[in-house]
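Enquirer: Got a structure for you, input39.cif, holding mmCIF, C-alpha atoms.
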data_upload
loop_
_atom_site.label_atom_id
_atom_site.label_comp_id
_atom_site.auth_asym_id
_atom_site.auth_seq_id
_atom_site.Cartn_x
_atom_site.Cartn_y
_atom_site.Cartn_z
CA MET A 1 73.95 45.46 5.16
CA THR A 2 70.60 47.05 5.96
CA SER A 3 70.03 50.73 5.10
CA LEU A 4 68.59 52.94 7.83
CA GLY A 5 67.67 55.70 5.42
CA ASP A 6 69.18 58.72 3.70
CA TRP A 7 70.05 61.72 5.86
CA HIS A 8 70.68 65.33 4.90
CA SER A 9 70.80 67.30 8.15
CA PRO A 10 72.89 67.18 11.32
CA ASP A 11 69.79 66.46 13.46
CA LYS A 12 68.69 63.57 11.24
CA LYS A 13 72.21 62.18 11.18
CA ALA A 14 72.51 62.30 14.96
CA GLN A 15 69.11 60.61 15.42
CA LEU A 16 69.87 57.72 13.04
CA THR A 17 73.39 57.29 14.42
CA SER A 18 71.94 56.85 17.91
CA ILE A 19 69.39 54.26 16.70
CA ALA A 20 71.96 52.31 14.72
CA ARG A 21 74.53 52.18 17.52
CA THR A 22 72.11 50.95 20.14
CA ALA A 23 69.70 48.68 18.23
CA PRO A 24 70.18 45.09 19.49
CA ILE A 25 70.40 42.48 16.75
CA HIS A 26 71.03 38.89 17.84
CA ASN A 27 71.62 40.42 21.31
CA ARG A 28 74.54 42.46 20.06
CA SER A 29 74.92 46.19 19.26
CA VAL A 30 75.31 46.94 15.58
CA PRO A 31 78.47 48.67 14.31
CA LEU A 32 77.79 51.69 12.19
CA GLY A 33 79.12 52.36 8.71
CA THR A 34 78.35 55.08 6.19
CA ARG A 35 78.52 55.07 2.41
CA TYR A 36 77.44 57.67 -0.16
CA GLY A 37 75.33 59.70 2.24
CA THR A 38 73.48 56.63 3.57
CA ILE A 39 73.88 55.15 7.04
CA TYR A 40 74.09 51.35 7.36
CA ALA A 41 73.89 48.92 10.23
CA GLU A 42 76.19 45.94 9.64
CA PHE A 43 74.49 42.70 10.69
CA PRO A 44 76.84 40.03 12.06
CA MET A 45 76.65 36.62 10.35
CA PRO A 46 75.43 33.74 12.54
CA LEU A 47 78.25 31.55 13.79
CA THR A 48 76.56 28.26 12.79
CA GLN A 49 73.88 27.17 10.35
CA SER A 50 70.64 26.85 12.30
CA ARG A 51 68.96 24.18 10.12
CA GLU A 52 69.93 21.45 7.67
CA ILE A 53 69.69 22.29 3.97
CA LEU A 54 67.54 19.45 2.68
CA ALA A 55 67.55 18.14 -0.86
CA ALA A 56 64.27 18.30 -2.78
CA SER A 57 61.95 15.50 -1.68
CA ARG A 58 61.33 14.48 -5.30
CA LEU A 59 64.94 13.23 -5.43
CA GLU A 60 64.16 10.41 -3.01
CA ASN A 61 63.23 8.18 -5.95
CA VAL A 62 66.22 9.13 -8.12
CA LYS A 63 68.32 5.98 -8.30
CA TYR A 64 70.98 4.76 -10.70
CA ALA A 65 71.81 1.17 -9.86
CA ILE A 66 74.69 0.91 -12.34
CA ARG A 67 76.82 3.47 -10.49
CA ASP A 68 75.27 3.26 -7.03
CA LEU A 69 77.28 0.07 -6.43
CA ALA A 70 80.52 1.95 -6.98
CA CYS A 71 80.86 2.93 -3.30
CA VAL A 72 80.79 -0.72 -2.22
CA ALA A 73 83.29 -1.59 -4.96
CA GLN A 74 85.62 1.14 -3.74
CA GLU A 75 85.57 -0.35 -0.24
CA VAL A 76 86.44 -3.78 -1.63
CA ALA A 77 89.23 -2.36 -3.80
CA ALA A 78 90.62 -0.39 -0.84
CA LYS A 79 91.32 -3.73 0.85
CA GLY A 80 93.65 -4.68 -1.99
CA HIS A 81 91.28 -6.84 -4.04
CA LYS A 82 91.24 -6.68 -7.83
CA ILE A 83 87.68 -6.33 -9.09
CA LEU A 84 86.47 -7.90 -12.32
CA PRO A 85 84.11 -5.21 -13.65
CA LEU A 86 81.10 -6.46 -15.60
CA ASN A 87 78.88 -3.54 -14.59
CA ILE A 88 79.38 -0.52 -16.86
CA GLY A 89 78.96 -0.51 -20.63
CA ASP A 90 82.10 1.45 -21.48
CA PRO A 91 83.94 -0.27 -24.35
CA ILE A 92 87.04 1.87 -23.83
CA ASN A 93 87.68 0.12 -20.49
CA PHE A 94 88.38 -3.06 -22.47
CA ASP A 95 89.98 -4.00 -25.79
CA PHE A 96 88.11 -1.50 -27.96
CA GLU A 97 89.44 1.80 -29.33
CA THR A 98 87.79 4.94 -30.67
CA PRO A 99 88.25 4.95 -34.48
CA ALA A 100 91.24 7.08 -35.46
CA HIS A 101 89.35 9.10 -38.07
CA LEU A 102 86.97 10.36 -35.38
CA ILE A 103 89.85 11.51 -33.20
CA GLU A 104 91.48 13.25 -36.15
CA ALA A 105 88.20 15.05 -37.00
CA VAL A 106 87.96 16.43 -33.47
CA HIS A 107 91.66 17.35 -33.41
CA GLN A 108 91.31 19.21 -36.69
CA ALA A 109 88.25 21.08 -35.42
CA MET A 110 90.22 22.19 -32.36
CA ARG A 111 93.15 23.32 -34.49
CA GLU A 112 90.77 25.28 -36.69
CA GLY A 113 89.45 27.19 -33.70
CA LYS A 114 86.11 25.43 -33.23
CA ASN A 115 86.47 25.95 -29.49
CA GLY A 116 83.83 28.55 -28.73
CA TYR A 117 80.10 28.06 -28.23
CA ALA A 118 78.27 26.15 -30.93
CA PRO A 119 74.70 26.80 -32.13
CA SER A 120 72.25 25.39 -29.60
CA SER A 121 70.92 22.73 -31.98
CA GLY A 122 74.38 21.76 -33.21
CA VAL A 123 76.81 22.62 -36.00
CA THR A 124 75.55 22.36 -39.58
CA PRO A 125 77.88 19.54 -40.77
CA ALA A 126 76.77 17.37 -37.83
CA LEU A 127 73.06 18.09 -38.36
CA ASN A 128 73.32 17.32 -42.08
CA ALA A 129 75.08 14.04 -41.36
CA ILE A 130 72.42 13.03 -38.81
CA ARG A 131 69.62 13.83 -41.27
CA ALA A 132 71.32 11.78 -43.98
CA GLU A 133 71.81 8.84 -41.58
CA ALA A 134 68.16 9.01 -40.56
CA ALA A 135 67.16 8.93 -44.23
CA ARG A 136 69.37 5.84 -44.77
CA LYS A 137 67.46 4.19 -41.92
CA GLY A 138 64.19 4.92 -43.71
CA ILE A 139 63.10 7.82 -41.50
CA THR A 140 61.10 10.42 -43.41
CA ASN A 141 58.99 13.37 -42.35
CA ILE A 142 61.90 14.73 -40.29
CA GLN A 143 60.90 17.94 -38.52
CA ASP A 144 63.94 18.68 -36.36
CA VAL A 145 67.44 17.42 -35.53
CA PHE A 146 69.60 18.44 -32.57
CA VAL A 147 72.88 17.50 -30.86
CA THR A 148 73.17 17.05 -27.10
CA SER A 149 75.67 16.11 -24.41
CA GLY A 150 75.10 12.40 -24.84
CA VAL A 151 71.74 10.72 -25.31
CA SER A 152 71.21 11.28 -21.59
CA GLU A 153 70.70 14.99 -22.20
CA SER A 154 68.44 14.29 -25.18
CA VAL A 155 66.23 12.14 -22.96
CA ASP A 156 66.16 14.75 -20.20
CA ILE A 157 65.27 17.60 -22.57
CA CYS A 158 62.65 15.66 -24.53
CA LEU A 159 60.82 14.33 -21.47
CA THR A 160 60.94 17.75 -19.81
CA ALA A 161 59.51 19.42 -22.92
CA LEU A 162 56.56 17.01 -23.01
CA LEU A 163 55.33 16.28 -19.51
CA ASN A 164 53.13 18.38 -17.22
CA PRO A 165 52.53 17.59 -13.53
CA GLY A 166 50.25 14.58 -13.17
CA GLU A 167 51.04 13.18 -16.62
CA ASP A 168 53.20 10.15 -17.36
CA VAL A 169 55.10 8.29 -20.03
CA LEU A 170 55.28 4.50 -20.36
CA THR A 171 58.75 3.05 -19.76
CA PRO A 172 59.84 -0.58 -20.13
CA SER A 173 60.57 -2.87 -17.20
CA PRO A 174 63.39 -3.75 -17.19
CA ASP A 175 64.83 -0.52 -18.56
CA TYR A 176 67.88 1.67 -18.53
CA PRO A 177 67.66 3.53 -15.16
CA LEU A 178 68.19 6.95 -16.75
CA TYR A 179 64.52 7.16 -17.70
CA SER A 180 63.15 6.55 -14.21
CA ALA A 181 65.78 8.90 -12.77
CA VAL A 182 64.78 11.76 -15.08
CA LEU A 183 61.08 11.18 -14.43
CA SER A 184 61.65 11.15 -10.67
CA LYS A 185 63.62 14.40 -10.97
CA LEU A 186 60.59 15.91 -12.73
CA ASP A 187 58.31 14.53 -10.00
CA ILE A 188 56.51 12.38 -12.57
CA GLY A 189 55.15 9.06 -11.33
CA LEU A 190 56.46 5.93 -13.04
CA ASN A 191 54.17 3.98 -15.37
CA THR A 192 56.03 0.85 -16.47
CA TYR A 193 55.15 -1.87 -18.95
CA TYR A 194 56.74 -5.31 -18.83
CA LEU A 195 59.02 -6.96 -21.34
CA ASN A 196 58.12 -10.61 -21.82
CA GLU A 197 61.05 -12.89 -20.96
CA GLU A 198 59.23 -15.90 -22.44
CA ASP A 199 59.00 -14.04 -25.77
CA GLY A 200 62.65 -13.03 -26.04
CA TRP A 201 62.08 -9.89 -23.93
CA GLN A 202 59.72 -8.37 -26.51
CA PRO A 203 57.36 -5.67 -25.13
CA ASP A 204 54.15 -7.07 -23.64
CA LEU A 205 51.56 -5.35 -25.83
CA ASP A 206 48.64 -6.33 -23.61
CA ASP A 207 50.39 -4.78 -20.63
CA ILE A 208 51.03 -1.58 -22.59
CA LYS A 209 47.33 -1.40 -23.48
CA ARG A 210 46.36 -1.82 -19.82
CA LYS A 211 48.75 0.92 -18.68
CA ILE A 212 47.70 3.67 -21.11
CA THR A 213 45.51 6.25 -19.37
CA PRO A 214 44.15 9.69 -20.37
CA ARG A 215 47.23 11.15 -18.62
CA THR A 216 49.74 9.12 -20.65
CA ARG A 217 51.70 11.24 -23.13
CA GLY A 218 54.30 8.86 -24.57
CA ILE A 219 56.02 5.48 -24.77
CA VAL A 220 59.74 4.78 -24.37
CA LEU A 221 61.14 1.95 -26.50
CA ILE A 222 64.81 0.94 -26.09
CA ASN A 223 65.78 -1.06 -29.18
CA PRO A 224 68.17 -2.87 -28.91
CA ASN A 225 67.30 -3.04 -25.26
CA ASN A 226 69.49 -2.30 -22.28
CA PRO A 227 69.66 -4.45 -20.10
CA THR A 228 68.25 -7.49 -21.96
CA GLY A 229 69.85 -7.21 -25.41
CA SER A 230 66.51 -7.86 -27.12
CA VAL A 231 65.72 -6.49 -30.60
CA CYS A 232 62.15 -5.68 -31.61
CA THR A 233 60.51 -7.34 -34.59
CA ARG A 234 58.95 -5.28 -37.36
CA ARG A 235 55.50 -6.49 -36.32
CA MET A 236 56.11 -5.36 -32.75
CA LEU A 237 57.17 -1.90 -33.94
CA GLN A 238 54.06 -1.63 -36.10
CA ASP A 239 51.81 -2.64 -33.20
CA ILE A 240 53.40 -0.10 -30.85
CA ALA A 241 53.09 2.61 -33.50
CA GLU A 242 49.40 1.80 -33.90
CA LEU A 243 48.86 2.22 -30.15
CA ALA A 244 50.61 5.59 -30.30
CA ARG A 245 48.46 6.61 -33.26
CA ARG A 246 45.28 5.61 -31.47
CA HIS A 247 46.11 7.41 -28.23
CA ASN A 248 47.99 10.45 -29.62
CA LEU A 249 51.30 9.50 -27.94
CA VAL A 250 54.90 10.47 -28.64
CA ILE A 251 57.29 7.52 -29.04
CA PHE A 252 60.82 7.91 -27.70
CA ALA A 253 62.89 5.42 -29.72
CA ASP A 254 66.25 4.90 -28.03
CA GLU A 255 68.39 3.35 -30.78
CA ILE A 256 71.88 4.05 -29.43
CA TYR A 257 72.93 0.40 -30.13
CA ASP A 258 71.40 0.13 -33.60
CA LYS A 259 74.65 -0.93 -35.33
CA LEU A 260 75.49 -3.59 -32.73
CA ILE A 261 73.17 -6.34 -33.96
CA LEU A 262 74.87 -9.65 -33.16
CA ASP A 263 73.08 -12.11 -35.43
CA ASN A 264 71.68 -11.81 -38.92
CA ASP A 265 68.75 -9.70 -37.74
CA GLU A 266 67.94 -6.39 -39.34
CA HIS A 267 67.60 -3.38 -37.09
CA ILE A 268 64.46 -1.47 -38.00
CA SER A 269 63.89 2.09 -36.82
CA LEU A 270 60.44 2.61 -35.38
CA ALA A 271 60.12 5.98 -37.11
CA ALA A 272 60.67 4.23 -40.45
CA VAL A 273 57.54 2.10 -40.05
CA ALA A 274 55.39 5.00 -38.81
CA PRO A 275 56.25 8.27 -40.61
CA ASP A 276 53.01 9.89 -39.46
CA VAL A 277 53.51 9.18 -35.74
CA PRO A 278 55.42 11.67 -33.54
CA VAL A 279 58.72 9.90 -32.83
CA VAL A 280 61.95 11.12 -31.25
CA THR A 281 64.79 8.82 -32.33
CA PHE A 282 67.90 8.92 -30.14
CA GLY A 283 71.41 8.09 -31.35
CA GLY A 284 74.99 8.94 -30.50
CA LEU A 285 78.70 8.20 -30.66
CA SER A 286 79.06 6.40 -27.32
CA LYS A 287 78.35 2.80 -28.30
CA ASN A 288 78.47 2.29 -32.08
CA TYR A 289 81.49 4.56 -32.42
CA LEU A 290 83.24 3.76 -29.13
CA ALA A 291 83.43 7.33 -27.78
CA PRO A 292 81.31 7.38 -24.59
CA GLY A 293 83.46 9.98 -22.84
CA TRP A 294 82.89 12.56 -25.54
CA ARG A 295 79.22 12.81 -24.51
CA ILE A 296 77.83 13.35 -27.99
CA GLY A 297 74.27 12.27 -28.71
CA TRP A 298 71.41 13.46 -30.85
CA GLY A 299 67.71 13.41 -31.42
CA VAL A 300 65.63 13.26 -34.61
CA ILE A 301 61.99 14.37 -34.36
CA SER A 302 59.72 13.00 -37.08
CA GLY A 303 55.99 12.95 -37.72
CA ASP A 304 53.31 15.23 -39.11
CA ALA A 305 54.67 18.80 -39.14
CA ALA A 306 51.54 20.47 -37.80
CA VAL A 307 51.18 17.92 -35.00
CA VAL A 308 54.73 18.15 -33.63
CA LYS A 309 55.32 21.90 -34.20
CA PRO A 310 54.51 23.04 -30.61
CA TYR A 311 56.56 20.21 -29.14
CA VAL A 312 59.56 21.02 -31.37
CA GLU A 313 59.37 24.63 -30.20
CA GLY A 314 59.43 23.45 -26.58
CA VAL A 315 62.44 21.23 -27.18
CA ASN A 316 64.32 24.09 -28.83
CA LYS A 317 63.51 26.43 -25.98
CA LEU A 318 65.27 24.01 -23.63
CA LEU A 319 68.16 23.51 -26.06
CA ARG A 320 68.76 27.26 -26.10
CA SER A 321 68.59 27.51 -22.31
CA ARG A 322 71.55 25.15 -21.86
CA LEU A 323 73.67 26.84 -24.59
CA CYS A 324 75.14 23.93 -26.59
CA ALA A 325 76.77 20.52 -26.67
CA ASN A 326 80.55 20.08 -26.76
CA HIS A 327 81.64 22.02 -29.85
CA PRO A 328 84.73 20.36 -31.39
CA GLU A 329 83.47 16.82 -30.71
CA GLN A 330 80.44 17.53 -32.91
CA TYR A 331 82.75 17.36 -35.94
CA ALA A 332 83.23 13.66 -35.21
CA ILE A 333 79.56 13.09 -36.15
CA PRO A 334 80.01 13.46 -39.95
CA ALA A 335 83.30 11.56 -39.71
CA ALA A 336 81.49 8.73 -37.93
CA LEU A 337 78.31 8.55 -39.99
CA GLU A 338 79.86 9.23 -43.40
CA GLY A 339 83.34 7.74 -42.92
CA PRO A 340 84.77 4.20 -42.71
CA GLN A 341 82.67 1.64 -40.81
CA GLU A 342 85.19 -1.24 -40.74
CA HIS A 343 85.62 -1.08 -36.97
CA LEU A 344 82.04 -2.34 -36.57
CA ILE A 345 82.93 -5.66 -38.21
CA GLU A 346 85.56 -6.39 -35.56
CA VAL A 347 83.40 -5.05 -32.73
CA ARG A 348 80.48 -7.29 -33.66
CA LYS A 349 82.80 -10.30 -34.08
CA LYS A 350 84.18 -9.84 -30.56
CA LEU A 351 80.77 -9.25 -29.04
CA ARG A 352 79.25 -12.27 -30.76
CA SER A 353 81.96 -14.55 -29.34
CA ARG A 354 81.61 -13.09 -25.85
CA ARG A 355 77.82 -13.25 -26.01
CA ASP A 356 77.98 -16.94 -26.91
CA LEU A 357 80.39 -17.66 -24.05
CA THR A 358 78.12 -15.81 -21.62
CA VAL A 359 74.90 -17.54 -22.68
CA GLN A 360 76.59 -20.96 -22.65
CA TRP A 361 77.80 -20.40 -19.10
CA CYS A 362 74.41 -19.13 -17.91
CA ASN A 363 72.44 -22.00 -19.36
CA SER A 364 74.86 -24.66 -18.06
CA THR A 365 75.05 -23.32 -14.48
CA ALA A 366 72.66 -24.31 -11.72
CA HIS A 367 70.18 -21.61 -10.64
CA VAL A 368 70.93 -19.49 -13.76
CA SER A 369 69.26 -19.22 -17.18
CA CYS A 370 69.46 -16.60 -19.90
CA VAL A 371 67.63 -15.51 -23.04
CA SER A 372 70.30 -14.98 -25.68
CA PRO A 373 70.86 -11.26 -26.41
CA ARG A 374 70.49 -10.25 -30.05
CA GLY A 375 71.98 -6.77 -29.81
CA ALA A 376 74.16 -4.44 -27.69
CA PHE A 377 76.57 -6.01 -25.16
CA TYR A 378 74.39 -6.94 -22.20
CA ALA A 379 72.89 -10.16 -20.91
CA PHE A 380 70.14 -10.32 -18.30
CA PRO A 381 70.27 -13.80 -16.71
CA LYS A 382 67.50 -15.07 -14.47
CA LEU A 383 68.34 -16.32 -10.97
CA ASP A 384 66.48 -19.18 -9.32
CA ILE A 385 67.33 -18.33 -5.70
CA ALA A 386 65.40 -17.62 -2.52
CA GLU A 387 67.03 -14.28 -1.63
CA GLY A 388 67.00 -10.96 -3.45
CA ASP A 389 69.21 -10.39 -6.47
CA ASP A 390 70.64 -7.34 -4.69
CA VAL A 391 71.94 -9.67 -1.97
CA PHE A 392 73.47 -11.98 -4.57
CA VAL A 393 75.20 -9.09 -6.34
CA LYS A 394 76.63 -7.65 -3.11
CA GLU A 395 77.89 -11.04 -1.94
CA LEU A 396 79.45 -11.67 -5.34
CA LEU A 397 81.32 -8.39 -5.05
CA VAL A 398 82.39 -8.77 -1.42
CA GLN A 399 83.33 -12.46 -1.55
CA LYS A 400 84.46 -13.03 -5.15
CA HIS A 401 85.28 -9.48 -6.27
CA VAL A 402 83.13 -9.62 -9.39
CA LEU A 403 80.95 -6.59 -10.07
CA VAL A 404 77.60 -6.93 -11.87
CA VAL A 405 74.31 -5.06 -11.42
CA HIS A 406 71.20 -6.43 -9.70
CA GLY A 407 68.12 -6.88 -11.86
CA SER A 408 65.90 -5.07 -9.39
CA GLY A 409 67.90 -1.93 -10.24
CA PHE A 410 66.41 -2.06 -13.75
CA GLY A 411 62.91 -3.19 -12.85
CA GLN A 412 61.46 -6.67 -13.28
CA LYS A 413 58.28 -8.62 -12.71
CA PRO A 414 57.46 -9.20 -9.02
CA GLY A 415 58.89 -12.44 -7.70
CA THR A 416 61.63 -12.69 -10.34
CA ARG A 417 65.37 -12.16 -9.85
CA HIS A 418 67.96 -11.23 -12.42
CA PHE A 419 71.33 -9.59 -12.81
CA ARG A 420 72.94 -7.73 -15.71
CA ILE A 421 76.24 -8.80 -17.23
CA VAL A 422 78.28 -6.50 -19.47
CA PHE A 423 80.14 -8.92 -21.75
CA LEU A 424 82.61 -6.38 -23.13
CA PRO A 425 85.71 -7.93 -21.43
CA ASP A 426 87.81 -10.47 -23.33
CA GLU A 427 87.07 -14.18 -23.09
CA LYS A 428 89.82 -14.82 -20.54
CA THR A 429 88.41 -12.20 -18.18
CA LEU A 430 84.85 -13.40 -18.67
CA THR A 431 85.85 -17.03 -18.05
CA ALA A 432 87.56 -16.06 -14.79
CA ALA A 433 84.53 -14.00 -13.70
CA TYR A 434 82.08 -16.80 -14.50
CA ALA A 435 84.16 -19.32 -12.56
CA LYS A 436 83.98 -17.07 -9.52
CA MET A 437 80.23 -16.65 -9.97
CA ALA A 438 79.79 -20.42 -10.21
CA ASP A 439 81.76 -20.87 -6.98
CA LEU A 440 79.54 -18.42 -5.11
CA ILE A 441 76.35 -19.96 -6.49
CA GLN A 442 77.44 -23.44 -5.44
CA GLU A 443 78.60 -22.31 -2.01
CA ARG A 444 75.50 -20.24 -1.31
CA TYR A 445 72.69 -22.09 -3.09
CA GLY A 446 74.00 -25.60 -3.76
CA LYS A 447 74.11 -27.59 -6.97
#
Mind converting the file's structure to structure tokens?

Expert:
Amino acid sequence: MTSLGDWHSPDKKAQLTSIARTAPIHNRSVPLGTRYGTIYAEFPMPLTQSREILAASRLENVKYAIRDLACVAQEVAAKGHKILPLNIGDPINFDFETPAHLIEAVHQAMREGKNGYAPSSGVTPALNAIRAEAARKGITNIQDVFVTSGVSESVDICLTALLNPGEDVLTPSPDYPLYSAVLSKLDIGLNTYYLNEEDGWQPDLDDIKRKITPRTRGIVLINPNNPTGSVCTRRMLQDIAELARRHNLVIFADEIYDKLILDNDEHISLAAVAPDVPVVTFGGLSKNYLAPGWRIGWGVISGDAAVVKPYVEGVNKLLRSRLCANHPEQYAIPAALEGPQEHLIEVRKKLRSRRDLTVQWCNSTAHVSCVSPRGAFYAFPKLDIAEGDDVFVKELLVQKHVLVVHGSGFGQKPGTRHFRIVFLPDEKTLTAAYAKMADLIQERYGK
């Protein structure tokens, strides 16, 4: 409603009543109402919306290849076809179970009334357990610890707290699409560095050096890597830390798969080899502890206290603005990090067998080759075909009902083609999926 003014005399009331009753708005007379000594003209709502409500233009580059294929898969499933899903890294969809002691810890927290808001940084038992775990990994100089709704929120908050318009952060190619999606949401241009397939998908240090500019604020390192399964060597971590030191960069060390090392390699935290460098180390319950749906992740900020102090304050400002992470599930963090770890032995045993089956199939099939993954549960085979890997992936889904993700959805060197396999399913399921893939490859590309 629009006020036509206060009135206190019969003459004023009569004058305003006349104006209000006859004033044309949208070619219609306006009904008159009064309230508390004020006269109002009631504007009719338009019958239809006159213009489209457009989404922000910066969202045009927000893509998430892993789930963007779901709409096509739904169409295939609607026709009665059973899909073999090798596309999403959710262990609970297969023969893995969340450890019982984690479930009991959350249940107990709920029974004890831990169902209100939590502190924005997280509950004290969880924060203490994360600090102790970081210390076991050799991380010192810890300046802050916080709990988030999955590592996804940690990434979003930490990138948002760092970057100004026109600045950038180096991200790997291929990489987990979350990083490019968050940067696009912030209207930050992508600055990618390549992983070297010929060197076991290790970061290409020369490419990183070429890509650093005066506007570069940080480097993202996913270790073990999604989608390639590579694990960085100590020397590589030291070299990346030295670049960060030289150029005053923050390193975002995504180590969500750090306990899923498949061979006899040691996982080394980047922050452990560079205590003086500003590093945000990400971890969580989703992968190592088989609880992806709980959405519990965390960040550990380390480095020189005086150097990171303003950045820590920015991160905490954003943590406060979104209230808190899921409260009762935070009590699973000390149960996970300080409790029994036996489930990891069986998880790694299964993954090692399924990794070996996957790599053997890739390297014995025409038009396919694969660097053996050393961590996590992904393989990133190379395709020797003339058409795009997105075409291959769609045809595989439509014709053979096997769902994988195209390599171009993660980024790759120009002229190369890949696809990502999640080898979480059991051997029988994987064997059936690989037979279908082989059939399509032979039918479409020949022997």

Enquirer: Please write the residues picked by the PyMOL selection byres ((chain A and resi 135) around 12) on this file as a list in words.

Expert: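 With the shown file as input, the PyMOL selection byres ((chain A and resi 135) around 12) matches Asn128, Ala129, Ile130, Arg131, Ala132, Glu133, Ala134, Arg136, Lys137, Gly138, Ile139, Thr140, Asn141, Ile142, Ser269, Ala271, Ala272, Pro275, Val300, Ser302 and Leu337 of chain A.
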
Enquirer: Taking all atoms listed in the file into account, which of A:Leu318, A:Ile333, A:Ile421, A:Val308 comes nearest Pro227 of chain A?

Expert: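 Nearest to Pro227 of chain A: A:Ile421.
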
Enquirer: Place a sphere of radius 10 Å on (65.9, -4.5, -28.9) in the file coordinates and name every protein, DNA or RNA residue with an atom inside or on its surface, counting only C-alpha atoms; give the answer as an MDAnalysis selection string.

Expert: chainID A and resid 200:203 221:233 254:255 257:258 261 267:268 373:376

Enquirer: Which neighbours of Glu60 of chain A fall inside 9 Å, counting only C-alpha atoms, when residues of the same chain fewer than 5 positions from it are skipped, and could you give them as an MDAnalysis selection string?

Expert: chainID A and resid 55 184:185

Enquirer: Spell out the residues picked by the PyMOL selection byres ((chain A and resi 444) around 12) here, as a ChimeraX atom specification.

Expert: /A:366-367,385-387,391-392,395-396,399,437-443,445-447

Enquirer: Go ahead and save the residues from that selection, with C-alpha atoms, as an mmCIF file, keeping the file's coordinate frame.

Expert:
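As written to disk, out01.cif reads:
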data_model
loop_
_atom_site.group_PDB
_atom_site.id
_atom_site.type_symbol
_atom_site.label_atom_id
_atom_site.label_comp_id
_atom_site.auth_asym_id
_atom_site.auth_seq_id
_atom_site.Cartn_x
_atom_site.Cartn_y
_atom_site.Cartn_z
ATOM 1 C CA ALA A 366 72.660 -24.310 -11.720
ATOM 2 C CA HIS A 367 70.180 -21.610 -10.640
ATOM 3 C CA ILE A 385 67.330 -18.330 -5.700
ATOM 4 C CA ALA A 386 65.400 -17.620 -2.520
ATOM 5 C CA GLU A 387 67.030 -14.280 -1.630
ATOM 6 C CA VAL A 391 71.940 -9.670 -1.970
ATOM 7 C CA PHE A 392 73.470 -11.980 -4.570
ATOM 8 C CA GLU A 395 77.890 -11.040 -1.940
ATOM 9 C CA LEU A 396 79.450 -11.670 -5.340
ATOM 10 C CA GLN A 399 83.330 -12.460 -1.550
ATOM 11 C CA MET A 437 80.230 -16.650 -9.970
ATOM 12 C CA ALA A 438 79.790 -20.420 -10.210
ATOM 13 C CA ASP A 439 81.760 -20.870 -6.980
ATOM 14 C CA LEU A 440 79.540 -18.420 -5.110
ATOM 15 C CA ILE A 441 76.350 -19.960 -6.490
ATOM 16 C CA GLN A 442 77.440 -23.440 -5.440
ATOM 17 C CA GLU A 443 78.600 -22.310 -2.010
ATOM 18 C CA TYR A 445 72.690 -22.090 -3.090
ATOM 19 C CA GLY A 446 74.000 -25.600 -3.760
ATOM 20 C CA LYS A 447 74.110 -27.590 -6.970
#

Enquirer: So which residues are close to (58.7, 11.2, -27.4), meaning at most 9 Å away in the file's coordinates with only C-alpha atoms counted, and can you show them as a ChimeraX atom specification?

Expert: /A:155,158-159,162,169,217-220,249-253,278-281,301

Enquirer: Evaluate the PyMOL selection byres ((chain A and resi 73-88) around 7) on the structure here and hand back the selected residues as a list in words.

Expert: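 So the PyMOL selection byres ((chain A and resi 73-88) around 7), applied here, picks out Ile66, Leu69, Ala70, Cys71, Val72, Gly89, Asp90, Val398, His401, Val402, Leu403, Val404, Val405, Ile421, Val422, Phe423 and Ala433 of chain A.
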
Enquirer: If you take every atom of segment 291-309 of chain A that the file lists and fit an axis-aligned box around them with 4 Å extra on each side, what centre and edge lengths come out in Å to one decimal, as lines of an AutoDock Vina configuration file?

Expert:
center_x = 67.3
center_y = 14.6
center_z = -31.0
size_x = 40.3
size_y = 22.6
size_z = 24.3

Enquirer: So how far away is atom CA of Leu323 of chain A from atom CA of Phe146 of chain A, in Å?

Expert: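 Atom CA of Phe146 of chain A sits 12.3 Å away from atom CA of Leu323 of chain A.
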
Enquirer: Would you compute the distance between atom CA of Tyr179 of chain A and atom CA of Lys350 of chain A? Give it in Å to one decimal.

Expert: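 Going from atom CA of Tyr179 of chain A over to atom CA of Lys350 of chain A, I get 29.0 Å.
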
Enquirer: Which one of A:Gly113, A:Gly299, A:Pro340, A:Gly122 sits closest to Glu153 of chain A if you count all atoms listed in the file?

Expert: A:Gly299

Enquirer: Just checking: using only C-alpha atoms, which residue out of A:Val347, A:Leu290, A:Leu127, A:Val371 ends up closest to Val145 of chain A?

Expert: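 Using only C-alpha atoms, Val145 of chain A sits closest to A:Leu127.
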